[in-house]
>>> print(open('run34.txt').read())   # compact mmCIF, C-alpha atoms
# COMPACT_ATOMS: atom_id res chain seq x y z
CA MET A 971 123.49 102.73 93.30
CA LYS A 972 122.52 100.87 90.15
CA ASN A 973 122.08 97.71 92.19
CA LYS A 974 119.69 99.53 94.52
CA TYR A 975 117.34 100.56 91.71
CA GLY A 976 117.73 97.20 90.01
CA LYS A 977 116.69 95.48 93.22
CA ILE A 978 113.68 97.80 93.64
CA THR A 979 112.65 97.11 90.05
CA LEU A 980 113.01 93.34 90.34
CA ASP A 981 111.15 93.34 93.65
CA GLY A 982 108.23 95.27 92.20
CA LEU A 983 108.10 93.28 89.00
CA ILE A 984 108.80 89.75 90.22
CA PHE A 985 109.88 88.92 93.76
CA ASN A 986 107.31 91.17 95.49
CA ASN A 987 104.84 91.29 92.62
CA PRO A 988 101.76 92.94 94.14
CA THR A 989 99.26 90.62 92.45
CA PHE A 990 100.84 87.18 92.48
CA MET A 991 103.26 87.35 95.41
CA LEU A 992 101.66 89.81 97.85
CA VAL A 993 98.05 89.21 96.70
CA LEU A 994 97.23 92.93 96.90
CA GLY A 995 94.59 94.75 94.83
CA THR A 996 92.54 91.57 94.52
CA CYS A 997 89.23 93.36 93.96
CA PRO A 998 90.17 95.00 90.62
CA THR A 999 92.21 91.92 89.69
CA LEU A 1000 89.15 89.71 89.83
CA ALA A 1001 86.67 92.24 88.48
CA MET A 1002 88.60 93.81 85.63
CA THR A 1003 90.24 90.79 84.01
CA ALA A 1004 87.28 89.42 82.07
CA ASN A 1005 88.99 90.81 78.98
CA ALA A 1006 92.55 91.93 78.29
CA THR A 1007 91.63 95.46 77.20
CA ASP A 1008 89.89 96.34 80.47
CA ALA A 1009 92.69 94.67 82.42
CA PHE A 1010 95.25 96.81 80.60
CA GLY A 1011 93.19 99.95 81.26
CA MET A 1012 92.99 99.20 84.97
CA GLY A 1013 96.68 98.33 85.12
CA VAL A 1014 97.75 101.58 83.46
CA SER A 1015 95.40 103.57 85.69
CA VAL A 1016 96.94 102.04 88.81
CA LEU A 1017 100.43 102.54 87.37
CA PHE A 1018 99.70 106.26 86.91
CA VAL A 1019 98.25 106.75 90.38
CA LEU A 1020 100.89 104.62 92.11
CA THR A 1021 103.88 106.32 90.50
CA LEU A 1022 102.62 109.85 91.05
CA SER A 1023 101.42 109.19 94.61
CA ASN A 1024 104.79 107.67 95.47
CA ILE A 1025 106.61 110.71 94.07
CA ILE A 1026 104.37 113.24 95.84
CA ILE A 1027 104.34 111.40 99.15
CA SER A 1028 108.10 110.95 99.05
CA ALA A 1029 108.54 114.66 98.35
CA LEU A 1030 106.26 115.57 101.27
CA ARG A 1031 107.52 112.92 103.69
CA LYS A 1032 109.49 115.40 105.83
CA ILE A 1033 106.63 117.90 105.97
CA ILE A 1034 103.72 115.59 106.81
CA PRO A 1035 103.51 114.95 110.58
CA ASN A 1036 103.38 111.30 111.54
CA ALA A 1037 99.99 111.64 113.22
CA VAL A 1038 98.19 112.72 110.05
CA ARG A 1039 100.18 110.80 107.46
CA ILE A 1040 97.37 108.39 106.49
CA PRO A 1041 94.71 111.10 105.89
CA ALA A 1042 97.30 113.10 103.97
CA TYR A 1043 98.16 110.09 101.78
CA ILE A 1044 94.49 109.39 101.16
CA VAL A 1045 93.86 113.00 100.09
CA VAL A 1046 96.80 112.85 97.65
CA ILE A 1047 95.71 109.47 96.23
CA ALA A 1048 92.06 110.56 95.97
CA THR A 1049 93.10 113.70 94.09
CA LEU A 1050 95.12 111.67 91.61
CA VAL A 1051 92.28 109.21 91.11
CA THR A 1052 89.81 112.06 90.54
CA LEU A 1053 92.20 113.61 88.01
CA LEU A 1054 92.44 110.29 86.23
CA LYS A 1055 88.65 109.92 86.33
CA LEU A 1056 88.15 113.35 84.76
CA PHE A 1057 90.76 112.61 82.10
CA LEU A 1058 89.27 109.24 81.18
CA ASN A 1059 85.75 110.66 81.08
CA LYS A 1060 86.93 113.32 78.66
CA HIS A 1061 89.30 111.38 76.42
CA ILE A 1062 88.61 107.64 76.78
CA PRO A 1063 84.89 107.46 77.64
CA ASP A 1064 84.59 103.79 76.69
CA LEU A 1065 87.28 102.75 79.15
CA TYR A 1066 85.76 105.10 81.73
CA ALA A 1067 82.39 103.41 81.28
CA SER A 1068 83.82 99.90 81.36
CA MET A 1069 85.82 100.56 84.54
CA GLY A 1070 82.70 101.84 86.27
CA THR A 1071 82.91 101.83 90.03
CA PHE A 1072 86.35 100.20 90.06
CA LEU A 1073 87.95 103.46 88.97
CA PRO A 1074 87.06 105.46 92.11
CA LEU A 1075 87.84 102.34 94.14
CA ILE A 1076 91.53 102.76 93.22
CA VAL A 1077 91.58 105.27 96.11
CA VAL A 1078 91.25 102.42 98.59
CA ASN A 1079 93.52 100.02 96.73
CA CYS A 1080 95.71 98.62 99.49
CA MET A 1081 98.67 98.33 97.13
CA ILE A 1082 98.85 102.11 96.60
CA LEU A 1083 98.48 103.00 100.26
CA GLY A 1084 100.80 100.13 101.14
CA ARG A 1085 103.61 101.38 98.90
CA ALA A 1086 103.11 104.93 100.21
CA GLU A 1087 103.36 103.77 103.80
CA ALA A 1088 106.04 101.12 103.38
CA PHE A 1089 108.30 102.73 100.81
CA ALA A 1090 107.58 106.30 99.68
CA SER A 1091 107.39 107.70 103.21
CA LYS A 1092 110.87 106.36 103.98
CA ASN A 1093 112.80 106.79 100.72
CA GLY A 1094 113.88 109.47 98.28
CA ILE A 1095 111.90 110.72 95.30
CA LEU A 1096 113.80 108.78 92.63
CA ALA A 1097 113.72 105.50 94.51
CA SER A 1098 109.99 105.98 95.21
CA ALA A 1099 109.32 106.74 91.55
CA VAL A 1100 111.17 103.58 90.51
CA ASP A 1101 109.27 101.59 93.13
CA GLY A 1102 105.93 102.98 91.93
CA LEU A 1103 106.79 102.27 88.31
CA ALA A 1104 108.02 98.75 89.01
CA ASN A 1105 105.01 97.83 91.15
CA GLY A 1106 102.63 99.44 88.67
CA VAL A 1107 104.18 97.61 85.73
CA GLY A 1108 104.17 94.37 87.74
CA PHE A 1109 100.49 94.87 88.52
CA THR A 1110 99.68 95.73 84.87
CA ILE A 1111 101.52 92.69 83.52
CA SER A 1112 99.75 90.41 85.98
CA LEU A 1113 96.34 91.84 85.12
CA VAL A 1114 96.94 91.67 81.38
CA LEU A 1115 98.19 88.09 81.69
CA MET A 1116 95.05 87.10 83.56
CA GLY A 1117 92.92 89.11 81.13
CA ILE A 1118 94.45 87.32 78.15
CA ILE A 1119 93.90 83.89 79.72
CA ARG A 1120 90.32 84.62 80.76
CA GLU A 1121 89.35 86.29 77.49
CA PHE A 1122 90.91 83.54 75.39
CA VAL A 1123 89.42 80.66 77.37
CA GLY A 1124 86.15 82.45 78.11
CA ALA A 1125 85.37 84.06 74.77
CA GLY A 1126 87.96 82.73 72.33
CA SER A 1127 89.44 86.16 71.68
CA ILE A 1128 92.45 88.22 72.74
CA PHE A 1129 92.18 92.03 73.00
CA GLY A 1130 88.85 91.75 71.19
CA LEU A 1131 90.39 89.87 68.27
CA GLN A 1132 88.36 86.70 67.69
CA ILE A 1133 90.63 83.66 67.42
CA LEU A 1134 88.33 80.76 68.31
CA PRO A 1135 84.61 80.66 67.49
CA GLY A 1136 83.67 80.55 71.17
CA GLY A 1137 84.84 79.74 74.65
CA ILE A 1138 83.88 78.45 78.07
CA SER A 1139 81.85 81.31 79.51
CA PHE A 1140 82.60 80.07 83.04
CA PHE A 1141 86.01 81.76 82.79
CA SER A 1142 84.44 85.13 82.05
CA MET A 1143 82.47 84.92 85.27
CA PRO A 1144 83.67 85.64 88.83
CA MET A 1145 84.16 81.91 89.60
CA GLY A 1146 86.45 81.65 86.60
CA ALA A 1147 88.33 84.72 87.81
CA PHE A 1148 89.07 83.05 91.17
CA MET A 1149 90.17 79.87 89.44
CA VAL A 1150 92.48 81.62 86.98
CA TYR A 1151 93.86 83.79 89.77
CA GLY A 1152 94.65 80.74 91.90
CA ILE A 1153 96.32 78.91 89.04
CA CYS A 1154 98.35 82.00 88.09
CA ILE A 1155 99.54 82.48 91.69
CA ALA A 1156 100.52 78.79 91.95
CA LEU A 1157 102.44 78.85 88.66
CA PHE A 1158 104.13 82.16 89.47
CA VAL A 1159 105.23 81.06 92.94
CA MET A 1160 106.48 77.73 91.54
CA MET A 1161 108.47 79.54 88.86
CA ILE A 1162 109.97 82.00 91.36
CA GLU A 1163 110.93 79.20 93.73
CA LYS A 1164 112.64 77.32 90.91
CA VAL A 1165 114.58 80.42 89.89
CA GLN A 1166 115.53 81.14 93.50
CA ARG A 1167 116.64 77.55 94.07
CA ALA A 1168 118.73 77.60 90.91
CA THR A 1169 120.31 80.91 91.98
CA ARG A 1170 121.03 79.53 95.45
CA ILE A 1171 122.71 76.41 94.00
CA LYS A 1172 124.75 78.54 91.63
CA LYS A 1173 125.85 80.82 94.47
CA THR A 1174 126.80 77.84 96.68
CA ARG A 1175 128.85 76.35 93.85
CA LEU A 1176 130.63 79.63 93.27
CA LEU A 1177 131.38 79.97 96.97
CA ARG A 1178 132.74 76.42 97.08
CA ALA A 1179 134.88 77.07 94.03
CA GLU A 1180 136.17 80.26 95.62
CA ASP A 1181 136.95 78.33 98.80
CA LEU A 1182 138.83 75.68 96.86
CA ASP A 1183 140.77 78.31 94.89
CA GLY A 1184 141.58 80.06 98.15
CA SER A 1185 142.89 76.95 99.84
CA LEU A 1186 144.99 76.04 96.78
CA ALA A 1187 146.49 79.50 96.74
CA VAL A 1188 147.22 79.26 100.46
CA THR A 1189 148.94 75.89 99.95
CA GLU A 1190 151.02 77.33 97.09
CA VAL A 1191 152.05 80.32 99.21
CA ALA A 1192 152.90 78.02 102.09
CA THR A 1193 155.02 75.75 99.86
CA THR A 1194 156.96 78.69 98.41
CA ALA A 1195 157.53 80.12 101.84
CA GLU A 1196 158.75 76.77 103.17
CA ALA A 1197 161.16 76.35 100.22
CA GLU A 1198 162.55 79.86 100.76
CA THR A 1199 163.14 79.18 104.47
CA ALA A 1200 164.86 75.88 103.62
CA LYS A 1201 167.13 77.69 101.13
CA GLU A 1202 167.99 80.34 103.70
CA GLU A 1203 168.75 77.66 106.27
CA ALA A 1204 171.01 75.80 103.85
CA MET B 1070 97.51 125.48 127.16
CA LYS B 1071 98.25 129.03 126.10
CA ILE B 1072 97.41 130.25 122.60
CA LYS B 1073 101.11 130.70 121.90
CA ASP B 1074 101.76 127.10 122.87
CA PHE B 1075 98.99 125.91 120.60
CA PHE B 1076 100.61 127.57 117.60
CA LYS B 1077 103.87 125.84 118.44
CA SER B 1078 102.25 122.47 119.04
CA ASN B 1079 102.20 119.43 116.80
CA SER B 1080 98.39 119.61 116.55
CA PHE B 1081 98.59 123.00 114.90
CA LYS B 1082 101.20 121.70 112.46
CA CYS B 1083 98.96 118.75 111.62
CA ILE B 1084 95.99 121.03 110.95
CA VAL B 1085 98.03 123.39 108.79
CA VAL B 1086 99.61 120.58 106.75
CA LEU B 1087 96.29 118.87 106.12
CA LEU B 1088 94.63 122.18 105.24
CA VAL B 1089 97.40 123.10 102.81
CA ILE B 1090 97.29 119.66 101.16
CA ALA B 1091 93.49 119.84 100.88
CA LEU B 1092 93.69 123.36 99.47
CA VAL B 1093 96.32 122.50 96.86
CA CYS B 1094 94.48 119.31 95.85
CA GLY B 1095 91.20 121.22 95.65
CA SER B 1096 92.74 123.88 93.41
CA VAL B 1097 94.27 121.26 91.12
CA LEU B 1098 90.93 119.48 90.85
CA ALA B 1099 89.11 122.75 90.15
CA LEU B 1100 91.51 123.42 87.28
CA ALA B 1101 91.23 119.87 86.00
CA ASN B 1102 87.46 120.07 86.17
CA ASP B 1103 87.53 123.01 83.80
CA LEU B 1104 90.16 121.39 81.59
CA PHE B 1105 88.36 118.07 81.24
CA TYR B 1106 84.81 119.42 81.26
CA VAL B 1107 82.45 117.37 79.09
CA SER B 1108 79.96 119.79 77.57
CA PRO B 1109 76.32 118.82 76.99
CA GLU B 1110 77.03 118.94 73.24
CA GLU B 1111 79.88 116.46 73.62
CA ALA B 1112 77.77 114.23 75.84
CA PHE B 1113 75.01 114.42 73.26
CA ALA B 1114 77.43 113.48 70.47
CA ARG B 1115 78.54 110.47 72.49
CA SER B 1116 74.95 109.36 73.06
CA MET B 1117 74.28 109.69 69.39
CA SER B 1118 77.45 107.76 68.69
CA LYS B 1119 75.94 104.87 70.61
CA ILE B 1120 72.72 105.10 68.62
CA TYR B 1121 74.60 105.09 65.34
CA ASP B 1122 77.32 102.63 66.33
CA GLY B 1123 80.10 105.16 66.27
CA ASP B 1124 79.08 107.22 63.23
CA ALA B 1125 77.49 110.08 65.14
CA THR B 1126 80.55 112.26 64.97
CA LYS B 1127 79.76 112.66 61.31
CA LEU B 1128 76.43 114.30 62.12
CA GLU B 1129 76.28 118.04 61.73
CA ASP B 1130 73.74 120.56 63.00
CA LYS B 1131 71.02 121.46 60.57
CA ILE B 1132 68.93 123.74 62.75
CA VAL B 1133 70.16 125.30 65.95
CA SER B 1134 68.37 128.55 66.61
CA GLU B 1135 64.85 128.88 67.98
CA ASP B 1136 63.88 131.26 65.17
CA GLU B 1137 64.26 128.47 62.68
CA GLN B 1138 61.95 126.06 64.48
CA VAL B 1139 59.33 124.56 62.22
CA THR B 1140 55.87 123.39 63.26
CA TYR B 1141 53.82 120.65 61.62
CA THR B 1142 50.31 119.72 62.61
CA THR B 1143 48.69 116.30 62.46
CA TYR B 1144 45.81 114.88 64.51
CA ASN B 1145 45.17 118.41 65.78
CA CYS B 1146 48.54 118.32 67.47
CA SER B 1147 51.44 120.60 66.70
CA ALA B 1148 54.92 119.09 66.41
CA VAL B 1149 57.74 121.57 66.88
CA ILE B 1150 61.11 120.69 65.39
CA LEU B 1151 63.70 121.66 68.00
CA ASP B 1152 66.86 120.36 66.41
CA ALA B 1153 67.99 118.42 63.41
CA GLN B 1154 71.26 116.70 62.64
CA VAL B 1155 72.33 115.19 59.37
CA SER B 1156 75.32 113.12 58.31
CA PRO B 1157 77.59 114.72 55.68
CA ASP B 1158 76.44 112.25 53.03
CA GLY B 1159 72.85 113.33 53.78
CA LYS B 1160 71.68 109.74 54.26
CA THR B 1161 71.07 109.79 58.00
CA TRP B 1162 68.85 112.36 59.65
CA LEU B 1163 68.22 112.79 63.33
CA VAL B 1164 65.38 115.11 64.24
CA GLN B 1165 64.35 116.29 67.70
CA SER B 1166 60.62 116.77 67.60
CA LYS B 1167 58.21 117.89 70.31
CA GLY B 1168 54.56 116.84 70.45
CA ASP B 1169 53.50 120.20 71.84
CA LYS B 1170 50.89 120.40 74.58
CA CYS B 1171 48.70 117.68 73.14
CA GLY B 1172 49.58 114.86 75.48
CA TYR B 1173 47.78 113.84 78.62
CA GLN B 1174 46.62 116.93 80.57
CA GLY B 1175 48.13 119.16 77.91
CA GLY B 1176 51.57 117.73 78.40
CA SER B 1177 54.42 117.81 75.90
CA LEU B 1178 56.95 115.19 74.99
CA VAL B 1179 60.16 115.32 73.00
CA LEU B 1180 61.38 112.52 70.78
CA TRP B 1181 64.51 111.93 68.76
CA VAL B 1182 63.58 110.37 65.44
CA SER B 1183 66.29 108.83 63.31
CA MET B 1184 65.52 108.45 59.61
CA ASN B 1185 67.12 107.21 56.41
CA VAL B 1186 67.14 109.29 53.27
CA GLU B 1187 67.85 107.99 49.78
CA ASN B 1188 68.17 110.24 46.74
CA GLY B 1189 66.83 113.17 48.70
CA GLN B 1190 63.69 111.27 49.67
CA LEU B 1191 62.68 109.91 53.05
CA ALA B 1192 63.25 106.16 52.90
CA GLY B 1193 62.55 104.77 56.37
CA LEU B 1194 62.51 105.16 60.11
CA ASN B 1195 65.54 103.91 62.03
CA LYS B 1196 64.88 104.59 65.66
CA ILE B 1197 62.58 106.59 67.90
CA ILE B 1198 63.91 107.57 71.29
CA VAL B 1199 62.11 109.42 74.06
CA ASP B 1200 64.22 112.44 74.95
CA SER B 1201 62.09 114.08 77.62
CA TYR B 1202 58.52 114.52 78.78
CA ASP B 1203 56.80 116.68 81.31
CA SER B 1204 55.35 115.33 84.49
CA SER B 1205 51.80 115.15 83.19
CA GLN B 1206 52.86 112.52 80.64
CA THR B 1207 52.36 109.68 83.08
CA LEU B 1208 52.67 106.82 80.61
CA ILE B 1209 55.37 107.94 78.24
CA GLY B 1210 58.02 107.51 80.91
CA SER B 1211 57.52 103.77 80.85
CA ILE B 1212 57.95 103.51 77.11
CA SER B 1213 61.34 102.11 76.23
CA ALA B 1214 63.37 102.53 73.07
CA GLU B 1215 62.71 98.82 72.38
CA TYR B 1216 58.98 99.43 72.47
CA LEU B 1217 59.24 102.27 69.99
CA ALA B 1218 61.70 100.34 67.85
CA GLN B 1219 58.95 97.94 66.79
CA TYR B 1220 57.41 100.83 64.88
CA CYS B 1221 60.52 101.25 62.80
CA SER B 1222 60.38 97.93 60.97
CA GLU B 1223 60.24 97.49 57.23
CA ASP B 1224 56.42 97.43 57.37
CA TYR B 1225 56.39 101.14 57.94
CA LYS B 1226 58.63 101.93 55.02
CA ALA B 1227 55.52 102.13 52.83
CA ILE B 1228 53.98 104.75 55.11
CA VAL B 1229 57.15 106.74 55.09
CA THR B 1230 57.82 106.62 51.37
CA GLY B 1231 54.15 106.91 50.50
CA GLY B 1232 53.99 110.26 52.26
CA ARG B 1233 51.24 109.11 54.58
CA HIS B 1234 51.05 110.02 58.21
CA PHE B 1235 52.25 107.76 60.94
CA SER B 1236 49.53 106.51 63.27
CA ASN B 1237 50.93 103.34 64.74
CA VAL B 1238 52.00 104.18 68.24
CA ARG B 1239 48.78 103.43 70.07
CA MET B 1240 48.97 103.00 73.76
CA ASP B 1241 46.00 100.82 74.46
CA LYS B 1242 45.81 97.12 75.20
CA GLU B 1243 43.62 96.19 72.26
CA ASN B 1244 46.13 97.36 69.68
CA ASN B 1245 49.25 96.32 71.56
CA PRO B 1246 48.44 93.14 73.45
CA ALA B 1247 52.11 92.18 73.56
CA ASP B 1248 52.92 95.30 75.55
CA SER B 1249 50.30 94.87 78.23
CA ASP B 1250 52.74 95.91 80.92
CA ILE B 1251 53.22 99.37 79.50
CA ALA B 1252 50.15 99.92 77.36
CA SER B 1253 47.04 101.13 79.01
CA GLY B 1254 43.56 101.92 77.82
CA GLY B 1255 42.74 105.58 77.60
CA ALA B 1256 46.24 106.77 76.78
CA THR B 1257 44.96 108.33 73.61
CA TYR B 1258 46.37 111.76 74.28
CA THR B 1259 49.87 110.46 74.79
CA SER B 1260 49.76 108.40 71.62
CA VAL B 1261 48.49 111.44 69.70
CA ALA B 1262 51.48 113.39 70.94
CA VAL B 1263 53.89 110.58 70.02
CA ASN B 1264 52.44 110.13 66.55
CA ALA B 1265 52.37 113.87 65.92
CA ALA B 1266 56.00 114.22 66.99
CA ILE B 1267 57.04 111.41 64.63
CA ASN B 1268 54.96 112.85 61.80
CA GLY B 1269 56.46 116.26 62.38
CA ALA B 1270 59.96 114.81 62.15
CA MET B 1271 59.05 112.94 58.97
CA ASP B 1272 57.45 116.00 57.38
CA TYR B 1273 60.51 118.03 58.23
CA VAL B 1274 62.81 115.55 56.49
CA ARG B 1275 60.45 115.32 53.53
CA GLU B 1276 60.66 119.08 53.19
CA PHE B 1277 64.37 119.59 53.71
CA ALA B 1278 66.07 116.33 52.73
CA GLY B 1279 66.83 117.43 49.21
CA GLU B 1280 68.75 120.48 50.42
CA GLY B 1281 71.52 118.70 52.30
CA VAL B 1282 73.35 120.43 55.11
>>> encode(input="run34.txt", output="structure tokens")
Amino acid sequence: MKNKYGKITLDGLIFNNPTFMLVLGTCPTLAMTANATDAFGMGVSVLFVLTLSNIIISALRKIIPNAVRIPAYIVVIATLVTLLKLFLNKHIPDLYASMGTFLPLIVVNCMILGRAEAFASKNGILASAVDGLANGVGFTISLVLMGIIREFVGAGSIFGLQILPGGISFFSMPMGAFMVYGICIALFVMMIEKVQRATRIKKTRLLRAEDLDGSLAVTEVATTAEAETAKEEA
Amino acid sequence: MKIKDFFKSNSFKCIVVLLVIALVCGSVLALANDLFYVSPEEAFARSMSKIYDGDATKLEDKIVSEDEQVTYTTYNCSAVILDAQVSPDGKTWLVQSKGDKCGYQGGSLVLWVSMNVENGQLAGLNKIIVDSYDSSQTLIGSISAEYLAQYCSEDYKAIVTGGRHFSNVRMDKENNPADSDIASGGATYTSVAVNAAINGAMDYVREFAGEGV
């Protein structure tokens, strides 16, 4: 049971990371990572919508007929996004203003609909909640990472805190976003492959060791058995 | 298909499920809309916060009711003070002033005038922002805050502190060659209304600044 949730979490965070591994939600990733603060705001917004939509859709999965599942999911997601929009407008107007049109566009974020269709509609509430959380956190971390890189290189600051006197403004622009995104994907995939290779080698070694132990044990058993038969014969 | 069959069919189930989901979502949103409603006052406070770089929340209402509206007259134009806000320390005043029916074709315009006060005396103009204007004010709509900001420089401190009347917003090409794209000859009425509204705001602060909130 624990392994199941652990696997879901690791998949969402690392092995099926929506931004770097599945390349989903590219539009907000490129548009909202000019600075780390906006990237964090977008990440948390998606985390909220994704987790709640997964929970609701999972709870309704046996009620919603297959023929109307997509419109039903869209209505649920759109409601959550509108709720979030109203909340941000009331309590965090600066973030609301900075997110602009990308906030309502969360409705059509393929990651959210993708998780609803691929996971929440087939799994229980708890598993769907964990999946939503893991994917949302994975998305947030990716966005913040890109935001930090772009803000630092582009403006010399991190989360608005000026560290260097200036930066290369190219990285604050859309071209810079594509470049940073590409580099991040390459590094992430390289890192994951290294980890997977190391795990594979470790597993193979363990299996070999187990095999060797097994054969030794078999030999010992055989020797003892042979000695006993010899004694009996004598 | 019989009616009874329709009610047992999958199509009917689809319609019902979608309707119920839409109804529940609609109700939740209606509730949330009330819960997270941003009132005009709150929106106003936020706008002011932008003008004052985040200090607007410290502003408090000075005049709210219509009975307390004050009228000042300059250049044969009446300026009606609609609203006034002042920071708790009394150093920043924000006055909503209307140049009443003396603009082009008898039109009115409303300005927000931000002023500094030192030791209970008017010390300078900060910003002038066009709040609203009626349709007959054809030119005022093209006047930006940047355009009006040039009238708030240090040069006008003398006018303010000297108690003289403001007469600088002139919307004709001769006096404002730099603003040829917005200034136009013959816009005398509009400039009278603008100047009167600013003067009204200044006179109001001159009269009430010593009293505080």
>>> interface_residues(input="run34.txt", of="chain B", to="chain A", cutoff="9 Å", atoms="all atoms listed in the file", output="PDB file with C-alpha atoms, in the coordinates of the input")
ATOM      1  CA  ASN B1079     102.200 119.430 116.800  1.00  0.00           C
ATOM      2  CA  SER B1080      98.390 119.610 116.550  1.00  0.00           C
ATOM      3  CA  LYS B1082     101.200 121.700 112.460  1.00  0.00           C
ATOM      4  CA  CYS B1083      98.960 118.750 111.620  1.00  0.00           C
ATOM      5  CA  ILE B1084      95.990 121.030 110.950  1.00  0.00           C
ATOM      6  CA  VAL B1086      99.610 120.580 106.750  1.00  0.00           C
ATOM      7  CA  LEU B1087      96.290 118.870 106.120  1.00  0.00           C
ATOM      8  CA  ILE B1090      97.290 119.660 101.160  1.00  0.00           C
ATOM      9  CA  ALA B1091      93.490 119.840 100.880  1.00  0.00           C
ATOM     10  CA  CYS B1094      94.480 119.310  95.850  1.00  0.00           C
ATOM     11  CA  GLY B1095      91.200 121.220  95.650  1.00  0.00           C
ATOM     12  CA  VAL B1097      94.270 121.260  91.120  1.00  0.00           C
ATOM     13  CA  LEU B1098      90.930 119.480  90.850  1.00  0.00           C
ATOM     14  CA  ALA B1101      91.230 119.870  86.000  1.00  0.00           C
ATOM     15  CA  ASN B1102      87.460 120.070  86.170  1.00  0.00           C
ATOM     16  CA  LEU B1104      90.160 121.390  81.590  1.00  0.00           C
ATOM     17  CA  PHE B1105      88.360 118.070  81.240  1.00  0.00           C
ATOM     18  CA  TYR B1106      84.810 119.420  81.260  1.00  0.00           C
ATOM     19  CA  VAL B1107      82.450 117.370  79.090  1.00  0.00           C
ATOM     20  CA  ARG B1115      78.540 110.470  72.490  1.00  0.00           C
TER      21      ARG B1115
END
>>> atom_distance(input="run34.txt", atom1="atom CA of A:Leu992", atom2="atom CA of A:Gly1084")
10.9 Å
>>> residues_around(input="run34.txt", residues="A:Phe1129", least_positions_apart="4", cutoff="10 Å", atoms="only C-alpha atoms", output="ChimeraX atom specification")
/A:1005-1010,1114,1117-1118,1121-1122
>>> write_last_selection(input="run34.txt", atoms="C-alpha atoms", output="PDB file, in the frame of the given file")
ATOM      1  CA  ASN A1005      88.990  90.810  78.980  1.00  0.00           C
ATOM      2  CA  ALA A1006      92.550  91.930  78.290  1.00  0.00           C
ATOM      3  CA  THR A1007      91.630  95.460  77.200  1.00  0.00           C
ATOM      4  CA  ASP A1008      89.890  96.340  80.470  1.00  0.00           C
ATOM      5  CA  ALA A1009      92.690  94.670  82.420  1.00  0.00           C
ATOM      6  CA  PHE A1010      95.250  96.810  80.600  1.00  0.00           C
ATOM      7  CA  VAL A1114      96.940  91.670  81.380  1.00  0.00           C
ATOM      8  CA  GLY A1117      92.920  89.110  81.130  1.00  0.00           C
ATOM      9  CA  ILE A1118      94.450  87.320  78.150  1.00  0.00           C
ATOM     10  CA  GLU A1121      89.350  86.290  77.490  1.00  0.00           C
ATOM     11  CA  PHE A1122      90.910  83.540  75.390  1.00  0.00           C
TER      12      PHE A1122
END
>>> residues_near_point(input="run34.txt", point="(106.7, 92.6, 96.5)", cutoff="10 Å", atoms="all atoms listed in the file", output="PyMOL selection string")
chain A and resi 978-994+1081+1085+1101+1104-1105+1108
>>> closest_residue(input="run34.txt", among="B:Val1164, B:Val1149, B:Val1182, B:Leu1092", to="B:Ile1197", atoms="only C-alpha atoms")
B:Val1182
>>> atom_distance(input="run34.txt", atom1="atom CA of B:Gln1190", atom2="atom CA of B:Trp1162")
11.3 Å
>>> closest_residue(input="run34.txt", among="A:Gly1102, A:Pro1144, A:Gly1013, A:Gly1094", to="A:Leu1115", atoms="all atoms listed in the file")
A:Gly1013
